[in-house]
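The structure appears right after this line, and notes come after that.
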Amino acid sequence: MSPQALKLAGLWLVRALLLALVFTLIQPPPAPPIVLGPPQTVVTRHPIVCTHTRVTDEVEAWKILRTFEMVRQMGAPTITEYFPWAYYEARRGEYNWLHADVRIDYARNQGLTVIARLGGIVPEWARKPGDLAPDDPQAIHTLLPEERFDDFGEFVYQFVRRYAGRVRHIIIWNEPNVTLEWGFRPVDPEAYTRLLRLAYARAKEADPTVNVLGGALAPTLEPATSELALNDLLYLERMYAAGAGEAMDALAVHAYGLRFPPEEPPAADALNFRRVELLREIMVRFGYGDQPIYITEGGWNDSPRWTHAVRPLARIEYTLRAFQWAESNWPYVRAFCIWAFRYPAPQRSYGDYFTLVTPEFTPKPIYEAIREWATK
Amino acid sequence: MGDKVSKRRWTADGGQWLGVIVFAAVAALAMIWVASQQREEDAAWARIRLTGVLRVATDASYPPFSAVDENGDLFGFDIDLAEALGRRLGARVEFENIAYDALLAAVVSGRNDVVISAFIPQLDKLHEAAFTRPYFVSGTVAVVKEEGGRKKEEGGSWADWARGQRLAVEYGAGGDVAARQWARQFAGQQAAGVTVLPQPTAQDALLTLVNGAADAALVDAVTAYEFLRSQPGLALAGPPIEPEPYAIAVSARSRELLPALNRALTEMEADGTLPDLRAKWFGEAAR
């Protein structure tokens, strides 16, 4: 290359470096690190109050801390929080716990007990079933082939070992009775039970004192022939028949009231808040009545647009009455977690009407009503 | 000088050409990508033109937008809008009544061509769906008395508008959230303070305004429009406080159907068809 060409190449290099410098300069400055204050304590008259916080996708640290501060101020000593497998083990055997560390440390700083929901999003490397390519549309993020159960068990082991003594409750998977959460394959209570047993063993290997919660089933009336889901009562019976009772310390339950008040009597062909009692009957029938229940999702929605919603006044009244009902009538229920505390951004759908606080941290009247009831 | 620079550039060798070649390659790749995108057939549009049928998904559980009458027939603003669009596109409309949760999947999968169902565009779904311009704006609105009621100033904020006012709201609803926020903002400022008057329903909030116990009512737009139809002497204080635009959803692959719908909506807005439809179902205030 001639000296002239070298000079011109150098000129292009300088231009590229200048461009990179400009891009660097227009980047927002890094956020100042959060310095946690002294450990806080939750003051509450009703320890059953809990909420699913959903800061899994929250980027800014101060927003995570603000979320937990507001939960504490509401009088909720417990949260459920989601830890998708793919976020921490994008490459097999390589773990990045940075975001999980932040959430757990901040929650503990605010005096909150964390129920960690594990699973959900499967890393791409673990999705491949048989000869299906990882980028095949069928290989969706909830697809966990049975030959990868051991890999998930290893993730559970690593998580529990890392947070031993800091996280005392874990939930294995979420709503496995819905095909969407089971990789769009036919739901399979026996396969889920095999996953639960494996995860239970690995969790206890890492920390014998950790409480393993199973189930977290979606309330649904879908029959066995459905392509979408399976009735949660039928699913739970098959779980116990397959031996799930020996692989759980407690049952995680989802309890939504839809359009019915919390006192509406339960029925096998109805979806309402007291469906919890039907799940409890199955637990007792299979000999696991000594195990508690954690309601890790539940509540009412007040969207003007959604068929299964109620008006805002009813949502507030039903929610407070549901806490009271659970306290008075369900001694086996340890926590009732309202779905959901806040989303990082608006969903622009009826889902926004499940929350207690807006993305901008403006408390909704339902938040203030719960805080008033729980702390005053 | 310009000529000299130009000459040097085009006669240079080596490194100069490297940049030109990289730029040309990137441009060519971009053009190939754009062309490939354009060549991908819009199956929905092709089928509509072939069969003369526009397949509309709607959740008929939300009157007066979309609902089912006692004879099992669909009716509502969205139904009329779909029929009007069908006429513009030269297509007969076939409706399918689908639960709200499954509406978007109905167009993404190709089962239906469009969703017309008071649907708010969801930005996180843009990888699989696309949305037209809004044809209706819902959300929380402020209603005041036509005479003496405070209107929001052009360019002013809603918080400024709220200063010193008594605001009737539906307890727990969006108007309540906004009013409490302003009350906190002006707390301690006696004359400027905002008084929030929570009521059990949106209708009760509007009646509180009518009875003179409040200066304004913050309620959802649909309830406000319905109330204004039968209650003279009331007006909106301005555009929605928290706008919720309703738009038509199509598959992200519907690259020809989407502009056709947007053209039709723009024409219908301009020639009065859309304002007339809004006035028919929600009254003159919604025109």
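Quick note on naming: the chains in the structure tokens go A, B, ... in the order shown, residues restart at 1 in each chain, and ligands are numbered from 1 in order of appearance.
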
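Excluding stretch 223-238 of chain B and any residue on its chain fewer than 4 positions from it, the residues at most 7 Å away by only C-alpha atoms are Ala142, Val143, Val144, Lys145, Glu146, Arg150, Lys151, Lys152, Val219, Phe282, Gly283, Ala285 and Ala286 of chain B.
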
Residues near B:Asp101, cut-off 10 Å, only C-alpha atoms, skip fewer than 2 positions along chain, as a PDB file with N, CA and C atoms, in the first residue's frame:
ATOM      1  N   TRP A 306     -62.303  -4.777  30.262  1.00  0.00           N
ATOM      2  CA  TRP A 306     -62.160  -6.237  30.333  1.00  0.00           C
ATOM      3  C   TRP A 306     -63.423  -6.873  30.903  1.00  0.00           C
ATOM      4  N   SER A 349     -53.009  -2.235  28.188  1.00  0.00           N
ATOM      5  CA  SER A 349     -54.065  -3.233  28.099  1.00  0.00           C
ATOM      6  C   SER A 349     -54.681  -3.361  29.491  1.00  0.00           C
ATOM      7  N   TYR A 350     -55.637  -4.288  29.608  1.00  0.00           N
ATOM      8  CA  TYR A 350     -56.319  -4.420  30.896  1.00  0.00           C
ATOM      9  C   TYR A 350     -55.379  -4.830  32.027  1.00  0.00           C
TER      10      TYR A 350
ATOM     11  N   ASP B  59     -64.421  -8.262  20.068  1.00  0.00           N
ATOM     12  CA  ASP B  59     -64.888  -8.806  21.352  1.00  0.00           C
ATOM     13  C   ASP B  59     -66.185  -8.087  21.690  1.00  0.00           C
ATOM     14  N   ILE B  98     -64.661 -12.756  19.359  1.00  0.00           N
ATOM     15  CA  ILE B  98     -63.519 -13.424  19.991  1.00  0.00           C
ATOM     16  C   ILE B  98     -63.224 -12.744  21.324  1.00  0.00           C
ATOM     17  N   ALA B  99     -62.837 -13.523  22.322  1.00  0.00           N
ATOM     18  CA  ALA B  99     -62.487 -12.949  23.632  1.00  0.00           C
ATOM     19  C   ALA B  99     -61.315 -11.978  23.488  1.00  0.00           C
ATOM     20  N   LEU B 103     -57.699 -11.555  20.703  1.00  0.00           N
ATOM     21  CA  LEU B 103     -57.927 -10.724  19.508  1.00  0.00           C
ATOM     22  C   LEU B 103     -56.665 -10.586  18.657  1.00  0.00           C
ATOM     23  N   LEU B 104     -55.573 -10.233  19.292  1.00  0.00           N
ATOM     24  CA  LEU B 104     -54.352  -9.973  18.529  1.00  0.00           C
ATOM     25  C   LEU B 104     -53.860 -11.250  17.844  1.00  0.00           C
ATOM     26  N   ALA B 105     -53.955 -12.351  18.578  1.00  0.00           N
ATOM     27  CA  ALA B 105     -53.535 -13.632  17.998  1.00  0.00           C
ATOM     28  C   ALA B 105     -54.362 -13.955  16.757  1.00  0.00           C
ATOM     29  N   ALA B 106     -55.605 -13.487  16.719  1.00  0.00           N
ATOM     30  CA  ALA B 106     -56.482 -13.778  15.584  1.00  0.00           C
ATOM     31  C   ALA B 106     -55.955 -13.163  14.293  1.00  0.00           C
TER      32      ALA B 106
END

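The coordinates place atom CA of A:Gly243 at 22.5 Å from atom CA of A:Arg275.
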
Open item on the list: Show me, as a count of residues only, the residues that have an atom within 9 Å of A:Thr67 when counting only C-alpha atoms, minus same-chain residues fewer than 6 positions from it.
Closed with: 5

Open item on the list: Using only C-alpha atoms for the distances, tell me which of B:Pro64, B:Gly110, B:Pro200, B:Pro134 is nearest to chain A.
Closed with: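 Under the stated criterion, the closest residue is B:Pro200.
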
Neighbours of stretch 111-123 of chain B within 7 Å (only C-alpha atoms; same-chain residues fewer than 4 positions away dropped), as a PDB file with N, CA and C atoms, in the first residue's frame?
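Done, and the output landed in around_24.pdb:
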ATOM      1  N   GLN A 347     -48.618  -1.490  30.067  1.00  0.00           N
ATOM      2  CA  GLN A 347     -48.871  -2.551  29.087  1.00  0.00           C
ATOM      3  C   GLN A 347     -49.838  -2.099  28.007  1.00  0.00           C
ATOM      4  N   ARG A 348     -50.536  -1.000  28.253  1.00  0.00           N
ATOM      5  CA  ARG A 348     -51.583  -0.512  27.341  1.00  0.00           C
ATOM      6  C   ARG A 348     -52.650  -1.564  27.120  1.00  0.00           C
ATOM      7  N   SER A 349     -53.009  -2.235  28.188  1.00  0.00           N
ATOM      8  CA  SER A 349     -54.065  -3.233  28.099  1.00  0.00           C
ATOM      9  C   SER A 349     -54.681  -3.361  29.491  1.00  0.00           C
TER      10      SER A 349
ATOM     11  N   ALA B  44     -53.189 -11.123   3.618  1.00  0.00           N
ATOM     12  CA  ALA B  44     -54.537 -10.665   3.991  1.00  0.00           C
ATOM     13  C   ALA B  44     -55.112  -9.781   2.895  1.00  0.00           C
ATOM     14  N   LEU B  54     -63.824  -9.011   4.082  1.00  0.00           N
ATOM     15  CA  LEU B  54     -62.958  -8.493   5.144  1.00  0.00           C
ATOM     16  C   LEU B  54     -63.357  -9.189   6.442  1.00  0.00           C
ATOM     17  N   ARG B  55     -62.418  -9.955   7.000  1.00  0.00           N
ATOM     18  CA  ARG B  55     -62.735 -10.736   8.212  1.00  0.00           C
ATOM     19  C   ARG B  55     -62.328  -9.927   9.448  1.00  0.00           C
ATOM     20  N   VAL B  56     -63.342  -9.604  10.248  1.00  0.00           N
ATOM     21  CA  VAL B  56     -63.132  -8.702  11.380  1.00  0.00           C
ATOM     22  C   VAL B  56     -63.267  -9.468  12.699  1.00  0.00           C
ATOM     23  N   ALA B  57     -62.255  -9.361  13.549  1.00  0.00           N
ATOM     24  CA  ALA B  57     -62.336  -9.934  14.900  1.00  0.00           C
ATOM     25  C   ALA B  57     -62.774  -8.837  15.864  1.00  0.00           C
ATOM     26  N   THR B  58     -63.754  -9.146  16.699  1.00  0.00           N
ATOM     27  CA  THR B  58     -64.223  -8.176  17.678  1.00  0.00           C
ATOM     28  C   THR B  58     -64.650  -8.903  18.951  1.00  0.00           C
ATOM     29  N   ASP B  59     -64.421  -8.262  20.068  1.00  0.00           N
ATOM     30  CA  ASP B  59     -64.888  -8.806  21.352  1.00  0.00           C
ATOM     31  C   ASP B  59     -66.185  -8.087  21.690  1.00  0.00           C
ATOM     32  N   PHE B  65     -69.395   0.004  21.991  1.00  0.00           N
ATOM     33  CA  PHE B  65     -68.456  -0.231  20.892  1.00  0.00           C
ATOM     34  C   PHE B  65     -68.811  -1.499  20.122  1.00  0.00           C
ATOM     35  N   SER B  66     -68.980  -2.589  20.860  1.00  0.00           N
ATOM     36  CA  SER B  66     -69.260  -3.860  20.202  1.00  0.00           C
ATOM     37  C   SER B  66     -69.998  -4.748  21.201  1.00  0.00           C
ATOM     38  N   ASP B  78     -68.081   0.109  16.771  1.00  0.00           N
ATOM     39  CA  ASP B  78     -67.059  -0.633  16.033  1.00  0.00           C
ATOM     40  C   ASP B  78     -67.665  -1.440  14.880  1.00  0.00           C
ATOM     41  N   ALA B  82     -66.673  -0.904  11.030  1.00  0.00           N
ATOM     42  CA  ALA B  82     -66.201  -2.006  10.180  1.00  0.00           C
ATOM     43  C   ALA B  82     -67.003  -2.068   8.881  1.00  0.00           C
ATOM     44  N   LEU B 103     -57.699 -11.555  20.703  1.00  0.00           N
ATOM     45  CA  LEU B 103     -57.927 -10.724  19.508  1.00  0.00           C
ATOM     46  C   LEU B 103     -56.665 -10.586  18.657  1.00  0.00           C
ATOM     47  N   ALA B 106     -55.605 -13.487  16.719  1.00  0.00           N
ATOM     48  CA  ALA B 106     -56.482 -13.778  15.584  1.00  0.00           C
ATOM     49  C   ALA B 106     -55.955 -13.163  14.293  1.00  0.00           C
ATOM     50  N   VAL B 107     -55.314 -11.987  14.372  1.00  0.00           N
ATOM     51  CA  VAL B 107     -54.753 -11.402  13.140  1.00  0.00           C
ATOM     52  C   VAL B 107     -53.314 -11.864  12.909  1.00  0.00           C
ATOM     53  N   PHE B 131     -50.705  -1.079  13.862  1.00  0.00           N
ATOM     54  CA  PHE B 131     -51.935  -0.376  14.254  1.00  0.00           C
ATOM     55  C   PHE B 131     -52.157   0.842  13.364  1.00  0.00           C
ATOM     56  N   GLU B 244     -56.583   7.528  25.859  1.00  0.00           N
ATOM     57  CA  GLU B 244     -56.457   6.108  25.491  1.00  0.00           C
ATOM     58  C   GLU B 244     -56.965   5.976  24.062  1.00  0.00           C
ATOM     59  N   PRO B 245     -56.052   5.986  23.073  1.00  0.00           N
ATOM     60  CA  PRO B 245     -56.501   5.923  21.678  1.00  0.00           C
ATOM     61  C   PRO B 245     -56.928   4.513  21.285  1.00  0.00           C
ATOM     62  N   TYR B 246     -58.014   4.402  20.554  1.00  0.00           N
ATOM     63  CA  TYR B 246     -58.439   3.107  20.008  1.00  0.00           C
ATOM     64  C   TYR B 246     -58.078   3.075  18.525  1.00  0.00           C
ATOM     65  N   ALA B 247     -57.466   1.971  18.102  1.00  0.00           N
ATOM     66  CA  ALA B 247     -57.025   1.848  16.710  1.00  0.00           C
ATOM     67  C   ALA B 247     -57.359   0.447  16.200  1.00  0.00           C
ATOM     68  N   ILE B 248     -57.246   0.305  14.883  1.00  0.00           N
ATOM     69  CA  ILE B 248     -57.474  -1.007  14.260  1.00  0.00           C
ATOM     70  C   ILE B 248     -56.139  -1.749  14.228  1.00  0.00           C
ATOM     71  N   ALA B 249     -56.159  -3.026  14.612  1.00  0.00           N
ATOM     72  CA  ALA B 249     -54.934  -3.834  14.607  1.00  0.00           C
ATOM     73  C   ALA B 249     -54.938  -4.770  13.405  1.00  0.00           C
ATOM     74  N   VAL B 250     -53.762  -4.918  12.787  1.00  0.00           N
ATOM     75  CA  VAL B 250     -53.574  -5.897  11.713  1.00  0.00           C
ATOM     76  C   VAL B 250     -52.274  -6.645  11.987  1.00  0.00           C
TER      77      VAL B 250
END

For A:Ile282, list every protein, DNA or RNA residue within 9 Å, evaluated using only C-alpha atoms, and leave out those in the same chain fewer than 5 positions away; present the list as a CSV table (one decimal) with N, CA and C atoms, in the first residue's frame.
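The result, written out as selection_2.csv:
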chain,number,residue,atom,x,y,z
A,233,LEU,N,-58.0,-28.3,39.3
A,233,LEU,CA,-58.3,-29.3,40.3
A,233,LEU,C,-57.9,-30.7,39.8
A,236,LEU,N,-54.0,-30.9,39.9
A,236,LEU,CA,-53.5,-31.1,41.2
A,236,LEU,C,-53.6,-32.5,41.7
A,237,GLU,N,-54.8,-33.1,41.4
A,237,GLU,CA,-55.0,-34.5,41.8
A,237,GLU,C,-54.0,-35.4,41.1
A,240,TYR,N,-50.6,-35.0,42.8
A,240,TYR,CA,-50.4,-35.8,44.1
A,240,TYR,C,-50.3,-37.3,43.8
A,277,GLU,N,-60.2,-23.2,48.5
A,277,GLU,CA,-60.7,-24.2,49.5
A,277,GLU,C,-60.8,-25.6,48.8
A,287,GLY,N,-53.4,-36.5,52.0
A,287,GLY,CA,-52.6,-36.6,53.3
A,287,GLY,C,-51.6,-35.5,53.5
A,288,TYR,N,-51.8,-34.4,52.8
A,288,TYR,CA,-50.8,-33.3,53.0
A,288,TYR,C,-51.4,-32.0,53.7
A,289,GLY,N,-52.4,-32.3,54.5
A,289,GLY,CA,-53.1,-31.2,55.2
A,289,GLY,C,-52.2,-30.4,56.2

- [ ] Could you find all residues in stretch 19-181 of chain B that DSSP calls strand (DSSP E) from the backbone, and write them as a VMD selection string?
- [x] chain B and resid 53 to 58 67 to 68 74 to 75 92 to 97 114 to 119 129 to 131 136 to 145 166 to 170

Write the residues of the preceding selection, restricted to N, CA and C atoms, as a compact mmCIF listing (two decimals), in the first residue's frame.
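The result, stored in out.txt:
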# COMPACT_ATOMS: atom_id res chain seq x y z
N VAL B 53 -63.96 -10.26 0.82
CA VAL B 53 -64.43 -10.41 2.20
C VAL B 53 -63.38 -9.86 3.17
N LEU B 54 -63.82 -9.01 4.08
CA LEU B 54 -62.96 -8.49 5.14
C LEU B 54 -63.36 -9.19 6.44
N ARG B 55 -62.42 -9.96 7.00
CA ARG B 55 -62.73 -10.74 8.21
C ARG B 55 -62.33 -9.93 9.45
N VAL B 56 -63.34 -9.60 10.25
CA VAL B 56 -63.13 -8.70 11.38
C VAL B 56 -63.27 -9.47 12.70
N ALA B 57 -62.25 -9.36 13.55
CA ALA B 57 -62.34 -9.93 14.90
C ALA B 57 -62.77 -8.84 15.86
N THR B 58 -63.75 -9.15 16.70
CA THR B 58 -64.22 -8.18 17.68
C THR B 58 -64.65 -8.90 18.95
N ALA B 67 -71.20 -5.18 20.81
CA ALA B 67 -72.00 -5.99 21.73
C ALA B 67 -72.98 -6.83 20.92
N VAL B 68 -73.70 -7.71 21.61
CA VAL B 68 -74.67 -8.61 20.97
C VAL B 68 -76.06 -8.24 21.47
N LEU B 74 -74.71 -8.58 16.20
CA LEU B 74 -73.72 -7.62 16.71
C LEU B 74 -74.19 -6.19 16.44
N PHE B 75 -73.89 -5.31 17.36
CA PHE B 75 -74.19 -3.90 17.14
C PHE B 75 -73.15 -3.05 17.86
N ARG B 92 -67.17 -7.23 1.54
CA ARG B 92 -68.21 -7.59 2.49
C ARG B 92 -67.55 -7.93 3.82
N VAL B 93 -68.21 -7.57 4.93
CA VAL B 93 -67.58 -7.78 6.23
C VAL B 93 -68.14 -9.04 6.90
N GLU B 94 -67.22 -9.87 7.36
CA GLU B 94 -67.61 -11.03 8.17
C GLU B 94 -67.01 -10.85 9.56
N PHE B 95 -67.86 -10.95 10.59
CA PHE B 95 -67.38 -10.74 11.96
C PHE B 95 -67.14 -12.08 12.65
N GLU B 96 -66.16 -12.07 13.53
CA GLU B 96 -66.00 -13.20 14.46
C GLU B 96 -65.89 -12.63 15.87
N ASN B 97 -66.76 -13.12 16.75
CA ASN B 97 -66.77 -12.64 18.14
C ASN B 97 -65.73 -13.44 18.94
N VAL B 114 -58.46 -8.08 10.44
CA VAL B 114 -58.34 -6.88 11.29
C VAL B 114 -59.01 -7.12 12.64
N VAL B 115 -58.54 -6.38 13.63
CA VAL B 115 -59.24 -6.30 14.92
C VAL B 115 -59.86 -4.92 15.00
N ILE B 116 -61.19 -4.87 15.15
CA ILE B 116 -61.87 -3.59 15.39
C ILE B 116 -62.67 -3.79 16.66
N SER B 117 -62.12 -3.33 17.79
CA SER B 117 -62.71 -3.70 19.06
C SER B 117 -62.21 -2.80 20.19
N ALA B 118 -62.30 -1.49 20.00
CA ALA B 118 -61.84 -0.55 21.03
C ALA B 118 -60.48 -1.00 21.57
N PHE B 119 -59.54 -1.18 20.66
CA PHE B 119 -58.25 -1.78 21.00
C PHE B 119 -57.18 -0.70 21.12
N ALA B 129 -47.62 -7.19 15.21
CA ALA B 129 -48.86 -6.51 14.84
C ALA B 129 -48.56 -5.06 14.47
N ALA B 130 -49.50 -4.46 13.75
CA ALA B 130 -49.38 -3.03 13.41
C ALA B 130 -50.74 -2.39 13.68
N PHE B 131 -50.70 -1.08 13.86
CA PHE B 131 -51.93 -0.38 14.25
C PHE B 131 -52.16 0.84 13.36
N PHE B 136 -60.78 6.78 17.67
CA PHE B 136 -61.55 7.25 18.84
C PHE B 136 -60.54 7.42 19.97
N VAL B 137 -60.72 8.48 20.76
CA VAL B 137 -59.82 8.68 21.90
C VAL B 137 -60.64 8.63 23.19
N SER B 138 -60.36 7.61 23.97
CA SER B 138 -61.04 7.45 25.25
C SER B 138 -60.10 7.91 26.37
N GLY B 139 -60.35 7.46 27.60
CA GLY B 139 -59.51 7.87 28.72
C GLY B 139 -60.30 8.72 29.70
N THR B 140 -59.59 9.29 30.66
CA THR B 140 -60.25 10.12 31.68
C THR B 140 -60.44 11.54 31.14
N VAL B 141 -61.67 12.06 31.31
CA VAL B 141 -61.94 13.44 30.87
C VAL B 141 -62.47 14.24 32.06
N ALA B 142 -62.37 15.58 31.92
CA ALA B 142 -62.91 16.48 32.94
C ALA B 142 -64.18 17.11 32.39
N VAL B 143 -65.27 17.01 33.16
CA VAL B 143 -66.55 17.60 32.76
C VAL B 143 -66.82 18.79 33.69
N VAL B 144 -67.24 19.90 33.08
CA VAL B 144 -67.56 21.10 33.87
C VAL B 144 -68.90 21.66 33.40
N LYS B 145 -69.41 22.63 34.14
CA LYS B 145 -70.62 23.31 33.70
C LYS B 145 -70.26 24.23 32.53
N ARG B 166 -62.83 21.90 43.39
CA ARG B 166 -63.38 20.70 44.03
C ARG B 166 -63.67 19.69 42.91
N LEU B 167 -63.00 18.55 42.98
CA LEU B 167 -63.08 17.58 41.89
C LEU B 167 -63.81 16.32 42.36
N ALA B 168 -64.95 16.04 41.72
CA ALA B 168 -65.66 14.80 42.00
C ALA B 168 -65.08 13.69 41.13
N VAL B 169 -64.82 12.53 41.72
CA VAL B 169 -64.18 11.43 40.99
C VAL B 169 -64.86 10.12 41.34
N GLU B 170 -64.68 9.13 40.47
CA GLU B 170 -65.10 7.77 40.82
C GLU B 170 -64.00 7.17 41.68

TODO: From the DSSP assignment of the backbone, select every residue of stretch 59-284 of chain B that is alpha helix (DSSP H), and format the answer as a PyMOL selection string.
DONE: chain B and resi 77-89+103-108+158-162+174-185+202-210+221-230+257-270+273-282

If we count only C-alpha atoms and set the cut-off at 9 Å, which residues sit around A:Ala244, ignoring sequence neighbours fewer than 3 positions away in its own chain? Please answer as a tab-separated table (two decimals) with C-alpha atoms, in the first residue's frame.
chain	number	residue	atom	x	y	z
A	190	GLU	CA	-46.76	-36.31	35.74
A	192	TYR	CA	-44.23	-31.53	35.99
A	193	THR	CA	-44.11	-33.73	39.08
A	194	ARG	CA	-40.87	-35.30	37.82
A	196	LEU	CA	-40.67	-30.80	40.85
A	197	ARG	CA	-39.13	-33.87	42.49
A	214	GLY	CA	-45.03	-26.44	43.91
A	236	LEU	CA	-53.45	-31.09	41.21
A	238	ARG	CA	-52.78	-36.01	39.15
A	239	MET	CA	-49.76	-34.23	40.67
A	240	TYR	CA	-50.42	-35.77	44.07
A	241	ALA	CA	-51.12	-39.17	42.52
A	247	ALA	CA	-41.57	-32.91	46.73
A	248	MET	CA	-43.21	-29.86	48.26

Open item on the list: Quick check: residues of chain A within 12 Å of chain B, only C-alpha atoms, returned as a ChimeraX atom specification.
Closed with: /A:1-13,15-16,228,301-317,345-353,355-358,360-369

Export, as an mmCIF file, in the first residue's frame, the selected residues with C-alpha atoms.
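Contents of the output file again-v8.cif:
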data_model
loop_
_atom_site.group_PDB
_atom_site.id
_atom_site.type_symbol
_atom_site.label_atom_id
_atom_site.label_comp_id
_atom_site.auth_asym_id
_atom_site.auth_seq_id
_atom_site.Cartn_x
_atom_site.Cartn_y
_atom_site.Cartn_z
ATOM 1 C CA MET A 1 0.000 0.000 0.000
ATOM 2 C CA SER A 2 1.429 3.425 -0.957
ATOM 3 C CA PRO A 3 2.194 6.110 1.653
ATOM 4 C CA GLN A 4 -0.751 8.060 0.264
ATOM 5 C CA ALA A 5 -3.102 5.103 0.853
ATOM 6 C CA LEU A 6 -1.751 4.625 4.342
ATOM 7 C CA LYS A 7 -2.357 8.286 5.073
ATOM 8 C CA LEU A 8 -5.938 8.049 3.868
ATOM 9 C CA ALA A 9 -6.556 4.867 5.828
ATOM 10 C CA GLY A 10 -5.238 6.681 8.899
ATOM 11 C CA LEU A 11 -7.605 9.538 8.172
ATOM 12 C CA TRP A 12 -10.570 7.130 8.121
ATOM 13 C CA LEU A 13 -9.366 5.622 11.377
ATOM 14 C CA ARG A 15 -12.763 9.795 11.716
ATOM 15 C CA ALA A 16 -14.024 6.513 13.137
ATOM 16 C CA LEU A 228 -55.065 -24.592 26.028
ATOM 17 C CA ASN A 301 -58.984 -6.096 38.048
ATOM 18 C CA ASP A 302 -60.834 -2.799 37.464
ATOM 19 C CA SER A 303 -60.338 -2.223 33.735
ATOM 20 C CA PRO A 304 -63.375 -0.603 32.113
ATOM 21 C CA ARG A 305 -62.567 -2.663 29.020
ATOM 22 C CA TRP A 306 -62.160 -6.237 30.333
ATOM 23 C CA THR A 307 -65.082 -8.624 30.669
ATOM 24 C CA HIS A 308 -63.763 -10.172 33.888
ATOM 25 C CA ALA A 309 -63.192 -6.864 35.686
ATOM 26 C CA VAL A 310 -65.153 -5.009 38.354
ATOM 27 C CA ARG A 311 -65.527 -1.308 39.090
ATOM 28 C CA PRO A 312 -62.681 0.340 41.081
ATOM 29 C CA LEU A 313 -64.768 0.656 44.255
ATOM 30 C CA ALA A 314 -65.605 -3.056 44.161
ATOM 31 C CA ARG A 315 -61.954 -3.930 43.537
ATOM 32 C CA ILE A 316 -60.858 -2.089 46.661
ATOM 33 C CA GLU A 317 -63.643 -3.510 48.839
ATOM 34 C CA ALA A 345 -43.886 0.416 31.793
ATOM 35 C CA PRO A 346 -47.561 0.528 30.880
ATOM 36 C CA GLN A 347 -48.871 -2.551 29.087
ATOM 37 C CA ARG A 348 -51.583 -0.512 27.341
ATOM 38 C CA SER A 349 -54.065 -3.233 28.099
ATOM 39 C CA TYR A 350 -56.319 -4.420 30.896
ATOM 40 C CA GLY A 351 -53.256 -5.776 32.690
ATOM 41 C CA ASP A 352 -52.469 -2.220 33.818
ATOM 42 C CA TYR A 353 -55.595 -2.365 35.953
ATOM 43 C CA THR A 355 -51.511 -2.906 39.614
ATOM 44 C CA LEU A 356 -51.410 -0.989 42.920
ATOM 45 C CA VAL A 357 -48.966 1.710 41.751
ATOM 46 C CA THR A 358 -48.445 3.340 38.337
ATOM 47 C CA GLU A 360 -44.378 6.571 37.696
ATOM 48 C CA PHE A 361 -44.830 5.385 41.304
ATOM 49 C CA THR A 362 -48.080 7.267 41.789
ATOM 50 C CA PRO A 363 -50.010 5.231 44.361
ATOM 51 C CA LYS A 364 -53.490 4.206 43.281
ATOM 52 C CA PRO A 365 -56.329 4.533 45.806
ATOM 53 C CA ILE A 366 -56.255 0.744 46.273
ATOM 54 C CA TYR A 367 -52.642 1.027 47.480
ATOM 55 C CA GLU A 368 -53.655 3.661 49.998
ATOM 56 C CA ALA A 369 -56.624 1.571 51.141
#

Open item on the list: Report as a VMD selection string all protein, DNA and RNA residues lying within 8 Å of A:Cys337, evaluated on only C-alpha atoms, omitting residues in the same chain fewer than 6 positions from it.
Closed with: chain A and resid 49 to 52 78 to 80 295 to 298

Output file for the selection above: C-alpha atoms, as a compact mmCIF listing (two decimals), in the first residue's frame:
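Output (result_8.txt):
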# COMPACT_ATOMS: atom_id res chain seq x y z
CA VAL A 49 -50.47 -8.94 53.12
CA CYS A 50 -48.12 -9.69 50.23
CA THR A 51 -47.66 -8.56 46.64
CA HIS A 52 -46.01 -9.86 43.48
CA THR A 78 -43.62 -10.57 51.93
CA ILE A 79 -43.17 -10.34 48.16
CA THR A 80 -43.17 -12.82 45.33
CA ILE A 295 -51.32 -17.43 47.50
CA THR A 296 -48.54 -16.14 45.25
CA GLU A 297 -50.85 -14.37 42.78
CA GLY A 298 -54.38 -13.08 43.08

Open item on the list: So, with only C-alpha atoms as the atoms that count, which of A:Arg280, A:Arg117, A:Arg185, A:Arg166 lies closest to A:Val212?
Closed with: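 That would be A:Arg117, the residue with the smallest distance to A:Val212.
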
Open item on the list: One decimal, in Å: what's the spacing between atom CA of A:Ala206 and atom CA of A:Phe152?
Closed with: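 Between these atoms lies a distance of 13.9 Å.
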
Open item on the list: What does the structure give for the distance between atom CA of A:Asp207 and atom CA of A:Phe155, in Å to one decimal?
Closed with: 13.6 Å
